[in-house]
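Have a look at input_3.txt below; it lists compact mmCIF, C-alpha atoms and all ligand atoms.
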# COMPACT_ATOMS: atom_id res chain seq x y z
CA MET P 3 0.00 0.00 0.00
CA LYS P 4 2.79 2.38 0.97
CA LYS P 5 4.60 1.92 -2.35
CA ILE P 6 1.53 2.95 -4.30
CA ILE P 7 1.39 6.24 -2.40
CA ILE P 8 5.10 7.04 -2.57
CA LEU P 9 5.52 6.58 -6.30
CA PRO P 10 3.10 9.30 -7.43
CA LEU P 11 4.56 11.60 -4.79
CA LEU P 12 8.07 11.13 -6.14
CA LEU P 13 6.92 11.81 -9.66
CA PHE P 14 5.17 14.94 -8.53
CA THR P 15 8.30 16.17 -6.75
CA TYR P 16 10.44 15.50 -9.79
CA PHE P 17 8.31 17.40 -12.22
CA SER P 18 7.50 20.32 -9.98
CA ILE P 19 10.98 20.92 -8.54
CA GLY P 20 12.87 19.55 -11.53
CA GLN P 21 11.67 22.37 -13.77
CA THR P 22 14.91 24.31 -13.42
CA SER P 23 18.51 23.21 -13.08
CA GLN P 24 21.03 24.69 -10.64
CA LYS P 25 23.77 23.96 -13.18
CA ILE P 26 22.22 26.47 -15.57
CA TYR P 27 22.14 29.21 -12.90
CA ASP P 28 25.80 28.44 -12.08
CA ILE P 29 26.71 28.82 -15.76
CA ILE P 30 25.05 32.25 -15.91
CA ASP P 31 26.97 33.37 -12.81
CA SER P 32 30.31 32.13 -14.19
CA VAL P 33 30.33 34.33 -17.30
CA SER P 34 32.70 37.26 -16.76
CA ALA P 35 32.26 40.78 -18.17
CA LYS P 36 35.88 41.53 -17.20
CA ARG P 37 37.27 38.67 -19.29
CA ILE P 38 35.06 39.64 -22.24
CA GLU P 39 36.35 43.22 -21.96
CA LYS P 40 39.96 42.02 -21.92
CA ASP P 41 39.44 39.81 -24.97
CA ILE P 42 37.76 42.60 -26.95
CA GLN P 43 40.70 44.86 -26.04
CA THR P 44 43.13 42.25 -27.36
CA LEU P 45 41.18 41.77 -30.60
CA VAL P 46 41.00 45.55 -31.14
CA SER P 47 44.75 45.82 -30.54
CA PHE P 48 45.44 43.98 -33.81
CA GLY P 49 44.58 47.25 -35.62
CA THR P 50 42.62 45.67 -38.45
CA ARG P 51 41.29 42.15 -38.71
CA ASN P 52 40.25 42.51 -42.33
CA THR P 53 40.29 39.01 -43.85
CA PHE P 54 42.80 40.21 -46.48
CA SER P 55 45.09 42.01 -44.04
CA ASP P 56 48.61 41.02 -42.92
CA THR P 57 49.05 37.37 -41.93
CA ILE P 58 52.77 37.49 -41.05
CA SER P 59 52.95 40.08 -38.27
CA ASN P 60 52.38 38.93 -34.70
CA THR P 61 50.90 42.27 -33.66
CA ARG P 62 48.76 43.50 -36.56
CA GLY P 63 46.27 41.90 -38.94
CA ILE P 64 44.07 38.83 -39.16
CA GLY P 65 46.97 36.36 -38.96
CA ALA P 66 47.95 37.63 -35.51
CA ALA P 67 44.28 37.67 -34.46
CA ARG P 68 43.55 34.08 -35.44
CA ARG P 69 46.78 32.79 -33.88
CA TRP P 70 45.84 34.52 -30.63
CA ILE P 71 42.30 33.04 -30.71
CA LYS P 72 43.73 29.58 -31.33
CA SER P 73 46.15 29.95 -28.43
CA GLU P 74 43.28 31.11 -26.17
CA PHE P 75 41.27 27.99 -27.02
CA GLU P 76 44.38 25.89 -26.40
CA THR P 77 44.89 27.47 -22.98
CA ILE P 78 41.23 26.77 -22.11
CA SER P 79 41.75 23.20 -23.25
CA LYS P 80 44.83 22.75 -21.04
CA ASN P 81 42.73 23.85 -18.07
CA CYS P 82 40.10 21.17 -18.75
CA ASN P 83 42.37 18.18 -19.31
CA ASN P 84 42.53 18.74 -23.09
CA CYS P 85 38.74 18.71 -23.42
CA LEU P 86 38.86 20.83 -26.59
CA ASN P 87 40.01 19.74 -30.01
CA VAL P 88 41.34 22.98 -31.53
CA PHE P 89 42.08 23.36 -35.24
CA TYR P 90 42.03 25.66 -38.25
CA GLN P 91 39.47 25.03 -40.95
CA LYS P 92 40.31 26.94 -44.11
CA ASP P 93 39.30 27.53 -47.71
CA PHE P 94 41.00 29.43 -50.48
CA VAL P 95 39.16 32.34 -52.09
CA ASN P 96 40.08 33.79 -55.44
CA LYS P 97 40.02 37.42 -56.46
CA ASP P 98 38.65 36.38 -59.86
CA GLY P 99 34.87 36.56 -59.92
CA ASN P 100 34.61 38.09 -56.44
CA ASN P 101 34.24 41.87 -56.63
CA ARG P 102 34.72 42.26 -52.87
CA VAL P 103 37.93 40.20 -52.71
CA PRO P 104 41.04 42.41 -53.12
CA HIS P 105 43.47 39.51 -53.55
CA ASP P 106 43.61 35.70 -53.34
CA ALA P 107 43.76 34.52 -49.74
CA TRP P 108 43.04 31.72 -47.34
CA VAL P 109 39.89 32.29 -45.29
CA VAL P 110 40.76 30.67 -41.97
CA ASN P 111 38.31 29.75 -39.21
CA VAL P 112 39.39 28.74 -35.70
CA VAL P 113 37.38 25.79 -34.37
CA ALA P 114 37.29 24.30 -30.85
CA VAL P 115 35.23 21.15 -30.31
CA GLN P 116 34.18 19.90 -26.86
CA LYS P 117 33.21 16.29 -27.54
CA GLY P 118 29.95 14.97 -26.16
CA THR P 119 30.06 11.97 -23.83
CA LYS P 120 27.04 10.19 -25.28
CA TYR P 121 26.37 11.66 -28.72
CA PRO P 122 29.80 12.80 -29.95
CA ASN P 123 28.54 13.29 -33.50
CA ARG P 124 25.71 15.67 -32.50
CA TYR P 125 26.87 19.29 -32.48
CA ILE P 126 25.54 22.59 -31.21
CA ILE P 127 27.65 25.47 -32.56
CA MET P 128 28.32 28.97 -31.25
CA SER P 129 29.99 31.38 -33.65
CA GLY P 130 31.52 34.83 -33.58
CA ASP P 131 33.58 36.51 -36.27
CA ILE P 132 37.31 37.10 -36.34
CA ASP P 133 37.23 39.67 -39.13
CA SER P 134 36.51 43.40 -39.18
CA ARG P 135 36.29 46.06 -41.88
CA ALA P 136 36.84 49.76 -42.57
CA SER P 137 34.44 51.97 -44.60
CA ASP P 138 35.66 50.32 -47.79
CA THR P 139 35.45 46.56 -47.39
CA MET P 140 38.33 46.18 -49.89
CA ASP P 141 40.58 48.34 -47.71
CA PHE P 142 42.71 45.90 -45.71
CA THR P 143 45.24 48.33 -44.21
CA THR P 144 43.26 51.13 -42.54
CA ASP P 145 42.49 50.67 -38.84
CA ALA P 146 39.25 48.72 -38.34
CA PRO P 147 38.90 47.95 -34.62
CA GLY P 148 35.58 46.14 -35.04
CA ALA P 149 35.05 46.24 -31.28
CA ASN P 150 31.35 45.51 -31.47
CA ASP P 151 31.31 44.09 -35.03
CA ASN P 152 32.37 41.57 -34.20
CA ALA P 153 35.00 41.31 -31.47
CA SER P 154 32.02 41.21 -29.08
CA GLY P 155 30.68 37.98 -30.61
CA MET P 156 34.17 36.49 -30.81
CA ALA P 157 34.96 37.34 -27.17
CA GLY P 158 31.60 35.93 -26.10
CA THR P 159 32.37 32.68 -27.90
CA ILE P 160 35.77 32.37 -26.20
CA GLU P 161 34.19 33.13 -22.82
CA ALA P 162 31.45 30.53 -23.36
CA ALA P 163 34.21 27.97 -23.99
CA ARG P 164 35.92 28.97 -20.73
CA VAL P 165 32.71 28.48 -18.75
CA LEU P 166 31.24 25.37 -20.41
CA SER P 167 34.58 23.51 -20.53
CA ASN P 168 34.19 23.08 -16.76
CA TYR P 169 31.32 20.68 -17.46
CA GLN P 170 30.71 17.57 -19.50
CA PHE P 171 27.78 17.30 -21.88
CA GLU P 172 26.13 14.44 -23.73
CA SER P 173 26.35 16.17 -27.12
CA SER P 174 29.30 18.06 -28.58
CA ILE P 175 29.65 21.82 -28.35
CA VAL P 176 31.59 23.78 -30.96
CA TYR P 177 33.07 27.24 -30.39
CA VAL P 178 34.16 28.89 -33.61
CA GLY P 179 35.67 32.12 -34.87
CA LEU P 180 34.71 32.65 -38.53
CA SER P 181 36.50 34.82 -41.10
CA GLY P 182 35.52 36.45 -44.38
CA GLU P 183 32.12 37.56 -43.06
CA GLU P 184 32.32 41.10 -44.39
CA GLN P 185 33.17 40.12 -47.99
CA GLY P 186 30.60 37.38 -48.54
CA LEU P 187 30.13 34.98 -45.61
CA PHE P 188 33.09 32.90 -46.82
CA GLY P 189 34.05 31.46 -43.45
CA GLY P 190 30.52 30.34 -42.61
CA SER P 191 30.17 28.69 -46.03
CA GLY P 192 33.49 26.94 -45.55
CA LEU P 193 32.60 25.56 -42.14
CA ALA P 194 29.04 24.62 -43.12
CA ASN P 195 30.41 22.60 -46.05
CA TYR P 196 33.06 21.06 -43.81
CA THR P 197 30.41 19.86 -41.31
CA LYS P 198 28.30 18.43 -44.12
CA GLU P 199 31.25 16.59 -45.70
CA ASN P 200 32.12 15.14 -42.29
CA ASN P 201 28.50 14.10 -41.66
CA TRP P 202 28.11 16.14 -38.50
CA ASP P 203 24.62 15.84 -37.04
CA ILE P 204 23.97 19.55 -36.44
CA ILE P 205 21.49 20.56 -33.74
CA GLY P 206 21.93 24.17 -34.79
CA ILE P 207 24.19 27.19 -34.92
CA LEU P 208 23.88 30.22 -32.65
CA ASN P 209 25.54 32.98 -34.63
CA ASN P 210 26.57 35.97 -32.53
CA ASP P 211 27.14 39.11 -34.51
CA MET P 212 27.24 42.36 -32.51
CA ILE P 213 26.27 41.59 -28.93
CA GLY P 214 27.67 44.66 -27.14
CA ASN P 215 25.87 47.85 -28.15
CA ILE P 216 23.02 49.20 -25.99
CA LYS P 217 22.69 52.76 -27.39
CA GLY P 218 20.80 52.76 -30.64
CA VAL P 219 21.31 55.26 -33.45
CA ASP P 220 17.70 56.26 -32.69
CA GLY P 221 18.66 57.32 -29.15
CA VAL P 222 17.08 54.35 -27.39
CA ILE P 223 19.20 52.92 -24.57
CA ASP P 224 18.27 49.36 -23.62
CA ASN P 225 20.41 46.77 -21.86
CA ARG P 226 17.70 44.13 -21.56
CA THR P 227 16.34 43.46 -25.03
CA PHE P 228 18.10 41.40 -27.66
CA ARG P 229 17.04 39.94 -31.00
CA ILE P 230 16.80 36.36 -32.21
CA PHE P 231 16.56 36.21 -36.01
CA SER P 232 15.33 33.02 -37.66
CA GLU P 233 14.12 32.16 -41.14
CA PRO P 234 10.57 30.75 -41.36
CA VAL P 235 11.20 27.49 -43.22
CA PRO P 236 14.36 25.85 -44.60
CA ALA P 237 15.72 27.52 -47.72
CA ASN P 238 16.35 24.14 -49.37
CA GLU P 239 12.87 22.67 -48.83
CA THR P 240 11.33 20.80 -51.74
CA GLU P 241 8.47 22.02 -53.91
CA ARG P 242 6.35 19.19 -52.50
CA GLU P 243 7.02 20.33 -48.92
CA ARG P 244 6.02 23.82 -49.95
CA GLN P 245 2.74 22.61 -51.44
CA LEU P 246 1.85 20.40 -48.47
CA ARG P 247 2.35 23.33 -46.13
CA ARG P 248 -0.55 25.07 -47.79
CA PHE P 249 -2.89 22.41 -46.40
CA TYR P 250 -1.17 21.31 -43.19
CA GLY P 251 0.48 24.53 -42.00
CA GLY P 252 4.04 25.19 -40.91
CA GLU P 253 4.69 28.56 -42.56
CA VAL P 254 6.27 29.82 -39.34
CA ASP P 255 7.50 26.49 -37.97
CA GLY P 256 10.77 25.58 -39.68
CA ILE P 257 13.70 24.12 -37.72
CA SER P 258 15.43 27.48 -37.30
CA ARG P 259 12.25 28.99 -35.89
CA GLN P 260 11.98 26.12 -33.39
CA LEU P 261 15.56 26.82 -32.32
CA ALA P 262 14.64 30.50 -31.87
CA ARG P 263 11.66 29.49 -29.70
CA TYR P 264 13.92 27.21 -27.68
CA VAL P 265 16.29 30.10 -26.93
CA HIS P 266 13.35 32.37 -26.13
CA LYS P 267 11.94 29.85 -23.66
CA THR P 268 15.27 29.08 -21.96
CA VAL P 269 15.93 32.79 -21.45
CA LYS P 270 12.41 33.43 -20.10
CA THR P 271 12.94 30.58 -17.62
CA TYR P 272 16.47 31.31 -16.41
CA MET P 273 17.13 34.99 -17.16
CA PRO P 274 13.78 36.69 -16.48
CA GLU P 275 15.48 40.10 -16.40
CA MET P 276 16.17 39.79 -20.12
CA ASN P 277 13.78 40.57 -22.91
CA PRO P 278 14.31 38.20 -25.85
CA MET P 279 12.72 39.49 -29.05
CA MET P 280 12.09 36.95 -31.77
CA VAL P 281 12.26 38.51 -35.21
CA TYR P 282 10.53 36.48 -37.88
CA ARG P 283 13.09 36.91 -40.63
CA LEU P 284 16.41 35.44 -41.68
CA ASP P 285 18.35 38.55 -40.71
CA ARG P 286 18.06 42.34 -40.70
CA PHE P 287 16.36 43.76 -43.82
CA GLY P 288 18.55 42.95 -46.81
CA ARG P 289 21.58 42.26 -44.61
CA GLY P 290 23.50 39.08 -43.90
CA GLY P 291 25.20 37.02 -41.25
CA HIS P 292 27.10 33.80 -40.77
CA HIS P 293 24.13 31.61 -39.80
CA ARG P 294 22.86 31.88 -43.37
CA PRO P 295 25.36 29.50 -45.03
CA PHE P 296 24.23 26.87 -42.51
CA ASN P 297 20.58 27.61 -43.33
CA ASP P 298 21.44 27.28 -47.01
CA LEU P 299 22.44 23.65 -46.40
CA GLY P 300 19.27 22.91 -44.43
CA PHE P 301 20.71 23.24 -40.90
CA ALA P 302 18.92 25.09 -38.09
CA GLY P 303 20.60 28.41 -37.40
CA ILE P 304 19.75 31.72 -35.79
CA ARG P 305 21.36 35.10 -35.25
CA ILE P 306 21.60 36.46 -31.72
CA MET P 307 22.33 40.18 -31.47
CA GLU P 308 21.68 43.50 -29.77
CA ALA P 309 18.25 45.10 -30.25
CA HIS P 310 19.45 48.64 -31.02
CA GLU P 311 22.22 49.10 -33.57
CA ASN P 312 24.28 52.22 -34.14
CA TYR P 313 25.15 52.46 -37.83
CA ASN P 314 27.68 55.27 -37.22
CA GLN P 315 29.71 52.70 -35.34
CA GLN P 316 29.65 49.90 -37.91
CA HIS P 317 31.77 49.54 -41.05
CA GLN P 318 33.14 53.07 -40.61
CA ASP P 319 36.64 54.53 -40.65
CA ILE P 320 37.42 56.22 -37.33
CA ARG P 321 36.79 59.94 -37.87
CA GLU P 322 34.68 62.91 -36.83
CA GLU P 323 32.35 64.64 -39.28
CA ASN P 324 29.86 67.40 -38.49
CA GLY P 325 30.19 66.65 -34.79
CA ILE P 326 29.42 62.94 -35.25
CA LYS P 327 32.05 60.42 -34.16
CA TYR P 328 32.29 57.46 -36.52
CA GLY P 329 33.99 54.13 -35.93
CA ASP P 330 33.55 50.82 -34.13
CA VAL P 331 35.74 51.63 -31.11
CA ILE P 332 35.73 49.85 -27.77
CA ASP P 333 34.26 52.83 -25.84
CA HIS P 334 30.85 51.96 -27.28
CA VAL P 335 30.80 48.36 -26.07
CA ASN P 336 28.82 47.55 -22.94
CA PHE P 337 30.59 44.56 -21.40
CA GLU P 338 27.82 43.72 -18.92
CA TYR P 339 25.38 43.42 -21.83
CA ALA P 340 27.83 41.30 -23.85
CA LYS P 341 28.14 39.11 -20.76
CA LYS P 342 24.36 38.67 -20.62
CA LEU P 343 24.15 37.65 -24.27
CA THR P 344 27.10 35.31 -23.80
CA ALA P 345 25.18 33.68 -20.94
CA VAL P 346 22.16 33.37 -23.24
CA ASN P 347 24.30 31.28 -25.60
CA ALA P 348 25.96 29.28 -22.85
CA ILE P 349 22.73 28.18 -21.14
CA ASN P 350 21.10 27.23 -24.42
CA MET P 351 24.10 25.18 -25.53
CA ALA P 352 24.26 23.54 -22.10
CA SER P 353 20.54 22.69 -22.28
CA LEU P 354 20.64 21.39 -25.85
CA ALA P 355 23.82 19.39 -25.21
CA SER P 356 22.22 17.85 -22.10
CA ALA P 357 19.00 16.88 -23.88
CA PRO P 358 18.24 13.76 -25.91
CA PRO P 359 17.88 14.05 -29.69
CA ALA P 360 14.56 15.34 -30.97
CA PRO P 361 11.95 12.70 -31.86
CA LYS P 362 11.80 11.63 -35.51
CA ASN P 363 8.86 10.89 -37.81
CA VAL P 364 6.44 13.00 -35.83
CA ALA P 365 2.99 12.36 -37.30
CA ILE P 366 -0.29 14.07 -36.54
CA GLY P 367 -3.87 12.86 -36.99
CA GLY P 368 -7.40 13.79 -35.98
CA ILE P 369 -8.95 15.24 -39.13
CA VAL P 370 -12.76 15.56 -38.60
CA GLU P 371 -12.38 14.10 -35.10
CA PRO P 372 -12.81 15.70 -31.69
CA SER P 373 -9.21 15.10 -30.57
CA ALA P 374 -5.73 15.57 -32.04
CA LYS P 375 -3.59 12.42 -32.20
CA PHE P 376 0.15 11.95 -32.42
CA LYS P 377 2.68 9.23 -33.24
CA TRP P 378 6.46 9.48 -33.23
CA ASP P 379 9.62 7.38 -33.15
CA LYS P 380 11.13 7.12 -29.70
CA VAL P 381 14.70 8.32 -29.29
CA GLU P 382 17.40 6.71 -27.22
CA GLY P 383 18.08 8.61 -24.01
CA ALA P 384 14.62 10.15 -23.62
CA ILE P 385 12.65 9.40 -20.46
CA GLY P 386 9.53 10.83 -22.02
CA TYR P 387 7.98 13.29 -24.42
CA LYS P 388 6.17 16.58 -24.21
CA ILE P 389 3.42 17.64 -26.57
CA TYR P 390 3.33 21.39 -27.15
CA TRP P 391 0.60 23.39 -28.77
CA ARG P 392 -0.40 27.00 -29.30
CA ASP P 393 -3.01 29.20 -30.91
CA THR P 394 -2.21 29.59 -34.60
CA THR P 395 -1.53 33.32 -34.06
CA SER P 396 0.83 32.86 -31.11
CA PRO P 397 4.60 33.03 -31.60
CA THR P 398 5.40 30.79 -28.59
CA TRP P 399 4.51 27.26 -27.49
CA ASP P 400 2.03 28.30 -24.80
CA TYR P 401 0.51 24.95 -23.82
CA SER P 402 2.20 21.68 -23.07
CA ARG P 403 1.57 18.26 -21.63
CA TYR P 404 4.16 15.74 -20.48
CA VAL P 405 2.98 12.32 -21.69
CA GLY P 406 5.69 9.98 -20.40
CA ASP P 407 7.62 7.31 -22.25
CA VAL P 408 5.12 6.55 -24.99
CA SER P 409 5.21 6.82 -28.78
CA GLU P 410 1.63 7.86 -29.40
CA PHE P 411 -0.91 10.00 -27.63
CA THR P 412 -4.35 11.54 -28.06
CA LEU P 413 -5.03 15.02 -26.71
CA GLU P 414 -8.67 14.57 -25.74
CA GLY P 415 -10.91 17.46 -26.73
CA ILE P 416 -8.20 19.48 -28.46
CA VAL P 417 -9.29 20.00 -32.05
CA ILE P 418 -6.54 19.74 -34.67
CA ASP P 419 -7.87 22.67 -36.72
CA ASN P 420 -7.49 25.30 -34.04
CA PHE P 421 -3.89 24.96 -32.92
CA PHE P 422 -0.36 24.25 -34.07
CA PHE P 423 1.36 21.27 -32.41
CA GLY P 424 4.84 19.95 -31.84
CA ILE P 425 6.67 17.32 -29.79
CA ALA P 426 9.92 17.45 -27.78
CA ALA P 427 11.96 14.65 -26.19
CA VAL P 428 12.69 15.01 -22.47
CA GLY P 429 15.89 13.69 -20.85
CA LYS P 430 16.47 12.41 -17.34
CA ASP P 431 17.44 15.80 -15.92
CA GLY P 432 14.44 17.49 -17.50
CA PHE P 433 16.39 18.97 -20.41
CA GLU P 434 14.38 19.03 -23.61
CA SER P 435 15.15 18.77 -27.31
CA PRO P 436 13.87 21.45 -29.66
CA VAL P 437 10.20 21.02 -30.57
CA VAL P 438 9.54 19.08 -33.77
CA PHE P 439 6.67 20.21 -35.97
CA PRO P 440 4.82 17.19 -37.43
CA ASN P 441 6.06 16.15 -40.84
CA LYS P 442 3.55 13.35 -41.48
CA VAL P 443 -0.21 12.97 -41.37
CA PHE P 444 -2.15 9.82 -40.42
CA ARG P 445 -5.84 8.93 -40.27
ZN ZN Q 1 29.85 43.73 -40.12

Now, as a test, write the supplied structure out as structure tokens.
Ligand SMILES: [Zn+2]
Amino acid sequence: MKKIIILPLLLFTYFSIGQTSQKIYDIIDSVSAKRIEKDIQTLVSFGTRNTFSDTISNTRGIGAARRWIKSEFETISKNCNNCLNVFYQKDFVNKDGNNRVPHDAWVVNVVAVQKGTKYPNRYIIMSGDIDSRASDTMDFTTDAPGANDNASGMAGTIEAARVLSNYQFESSIVYVGLSGEEQGLFGGSGLANYTKENNWDIIGILNNDMIGNIKGVDGVIDNRTFRIFSEPVPANETERERQLRRFYGGEVDGISRQLARYVHKTVKTYMPEMNPMMVYRLDRFGRGGHHRPFNDLGFAGIRIMEAHENYNQQHQDIREENGIKYGDVIDHVNFEYAKKLTAVNAINMASLASAPPAPKNVAIGGIVEPSAKFKWDKVEGAIGYKIYWRDTTSPTWDYSRYVGDVSEFTLEGIVIDNFFFGIAAVGKDGFESPVVFPNKVFR
């Protein structure tokens, strides 16, 4: 008799107290604004980090910058018993046919991989950029400090490695500095192709590009809000997928959008002082970033960045004109804010790398029936599954039900027509996979 009473009590305790993880709070507290400041200072000290700048000098140019980043990752690795595999990944770009390439050069990325203990071939990636630019993107000699664009994202990536390398995770985490961003997203393309050729199972990429400015060109000062950009549906979807969507929905439910919702939810749970703002577009209007080459290959990828940009402090030679100071100098970077956005990345990578893989073959049924029905393939490592749903006009997964370790379920009285649905896998510590939007229909 006693056993029957204790078991439900234990389950109740687990799911009410187990909603948040102390580890995640510890990770937030470990991120250091001081270290981020120091790293941005170092990156700025290389004068210019234009992808086509000097590669020989040890004090100026992109060569010095990438060697320093590599040595930082190697130092972090030494402190965690060689837990990082650090290497250069590079591709050659030709001047011919590229009107923003001043001369042939190697585009070199610096990669640090923290191998997962259970799923070493599953990867969550955080990226910043090594390179910077002056007013003229072809100008590889003029000073281009790129303190916010994008030493901030690079420093945040290095700091995330410092913090997360103190832990072990089931899936692999990748910290990467990308080059060639300003001339055509070359570094991101190179790494995306590399991961595809090596059959990496990519959970997603969190691309950080400008995470340190809190004073907008419009005068707004805001150290709480940040943006999460995500494309609606994969760029490489098939024509058939596009047609089916017309009847079954999913216009705002691609894999990158689910990753954006995941980040939004994690931040709302663990960093309630922050104000994550999902933007339903690939990137800023007509502008680009290094998550896109990953999206191009069908991988989930989002851009995390400040909410209020200052265009006088991006892609500008340092100068003063009509009383306006131009240039991306370090005085404009808010290190406490960069620390917050670094923590946003760290806790999402920790959560995703602690969670089981997302369920596959998620099917939905219930046409002309009173209840929506679901079937999915179980995944190894999950202790159960959570069905999420929301009003069709809502951006966030507002309703959920934990359904235990089953592979089908009927949501009694919830009509399929009136909501969007998705399913996540739940691991033993309560960490969840991204939500999967159904990709099959059954009767
Ligand atoms: Zn830029």

| task | Enter the distance from atom CA of Lys388 of chain P to atom CA of His293 of chain P, in Å, rounded to one decimal. | result | 28.1 Å

| query | Using only C-alpha atoms and all ligand atoms, which of the listed residues (P:Ala146, P:Ile385, P:Val33, P:Leu413) sits closest to ligand ZN 1 (chain Q)? | reply | P:Ala146

| Which value, in Å to one decimal, gives the distance between atom CA of Val346 of chain P and atom CA of Ala309 of chain P? |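 Separation of atom CA of Val346 of chain P and atom CA of Ala309 of chain P: 14.2 Å.
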
| task | Could the residues that lie within 7 Å of ligand ZN 1 (chain Q), counting only C-alpha atoms and all ligand atoms, be listed as number ranges by chain? | result | P: 134, 151-152, 184, 316-317

| said: Quick one: residues within 9 Å of Ser409 of chain P, all atoms listed in the file, excluding same-chain residues fewer than 6 positions away - as a list of chain:residue names? | reply: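 In the requested format, the answer is P:Phe376, P:Lys377, P:Trp378, P:Asp379, P:Lys380, P:Gly386, P:Tyr387.
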
| query | Which one of P:Thr398, P:Ser129, P:Asn81, P:Asn238 sits closest to Gly179 of chain P if you count only C-alpha atoms? | reply | P:Ser129

| query | How many Å separate atom CA of Gly130 of chain P from atom CA of Asp211 of chain P? | reply |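 Going from atom CA of Gly130 of chain P over to atom CA of Asp211 of chain P covers 6.2 Å.
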
| request: Considering all atoms listed in the file, state which residue in the set P:Asn168, P:Thr53, P:Gln21, P:Asn201 is at the smallest distance from Leu187 of chain P. | output: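 Ranking P:Asn168, P:Thr53, P:Gln21, P:Asn201 by distance to Leu187 of chain P, first place goes to P:Thr53.
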
| Pick the closest to Ile30 of chain P from P:Ser79, P:Thr268, P:Ser232, P:Thr412: which is it, counting all atoms listed in the file? |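 Nearest to Ile30 of chain P: P:Thr268.
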
| field | Long-range neighbours of Ser167 of chain P as a ChimeraX atom specification, 12 Å cut-off, only C-alpha atoms, 3 positions minimum in chain | value | /P:29,32,75-87,114-118,159-164,170-171,174-177,348,351-352

| query | With all atoms listed in the file as the atoms that count, which of P:Asn420, P:Asn350, P:Asn277, P:Gln318 lies nearest to Ser373 of chain P? | reply |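 Selected residue with least distance to Ser373 of chain P: P:Asn420.
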
| field | Nearest residue to Ile127 of chain P from the set P:Gly288, P:Gly218, P:Pro278, P:Gly303 (distances using all atoms listed in the file) | value |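 Going through P:Gly288, P:Gly218, P:Pro278, P:Gly303 one by one, the smallest distance to Ile127 of chain P is for P:Gly303.
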
| query | If you count all atoms listed in the file, which residues fall within 10 Å of Asp131 of chain P, apart from same-chain ones fewer than 6 positions away, as a list in words? | reply |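 Residues near the query, excluding close chain neighbours: Arg51, Asn111, Val112, Gly148, Asp151, Asn152, Ala153, Ser154, Gly155, Met156, Ala157, Thr159, Val178, Gly179, Leu180, Ser181, Gly182, Glu183, Glu184, Gly189, Gly190, Asn209, Asn210, Asp211, Met212, Gly291 and His292 of chain P.
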
| request: Write out as a PyMOL selection string which residues come within 9 Å of Gly186 of chain P when counting only C-alpha atoms, dropping same-chain ones fewer than 5 positions away. | output: chain P and resi 100+102-103+290

| field | Shell around Val381 of chain P at 8 Å using only C-alpha atoms, local window under 6 positions removed, as a ChimeraX atom specification | value | /P:358-362,427

Extending 6 Å beyond the listed atoms of segment 204-210 of chain P on each side, what axis-aligned box results? I want centre and edge lengths in Å to one decimal, as JSON.
{"center_x": 24.0, "center_y": 27.8, "center_z": -34.5, "size_x": 17.1, "size_y": 28.4, "size_z": 15.9}

Would you mind listing, for every residue of segment 312-331 of chain P within 12 Å of segment 43-50 of chain P, the two atoms forming the shortest contact and the distance between them in Å to one decimal, using only C-alpha atoms, sorted by chain and ascending residue number, as JSON lines?
{"residue": "P:His317", "atom": "CA", "partner": "P:Thr50", "partner_atom": "CA", "distance": 11.8}
{"residue": "P:Asp319", "atom": "CA", "partner": "P:Thr50", "partner_atom": "CA", "distance": 10.9}
{"residue": "P:Ile320", "atom": "CA", "partner": "P:Gly49", "partner_atom": "CA", "distance": 11.6}
{"residue": "P:Asp330", "atom": "CA", "partner": "P:Val46", "partner_atom": "CA", "distance": 9.6}
{"residue": "P:Val331", "atom": "CA", "partner": "P:Val46", "partner_atom": "CA", "distance": 8.0}
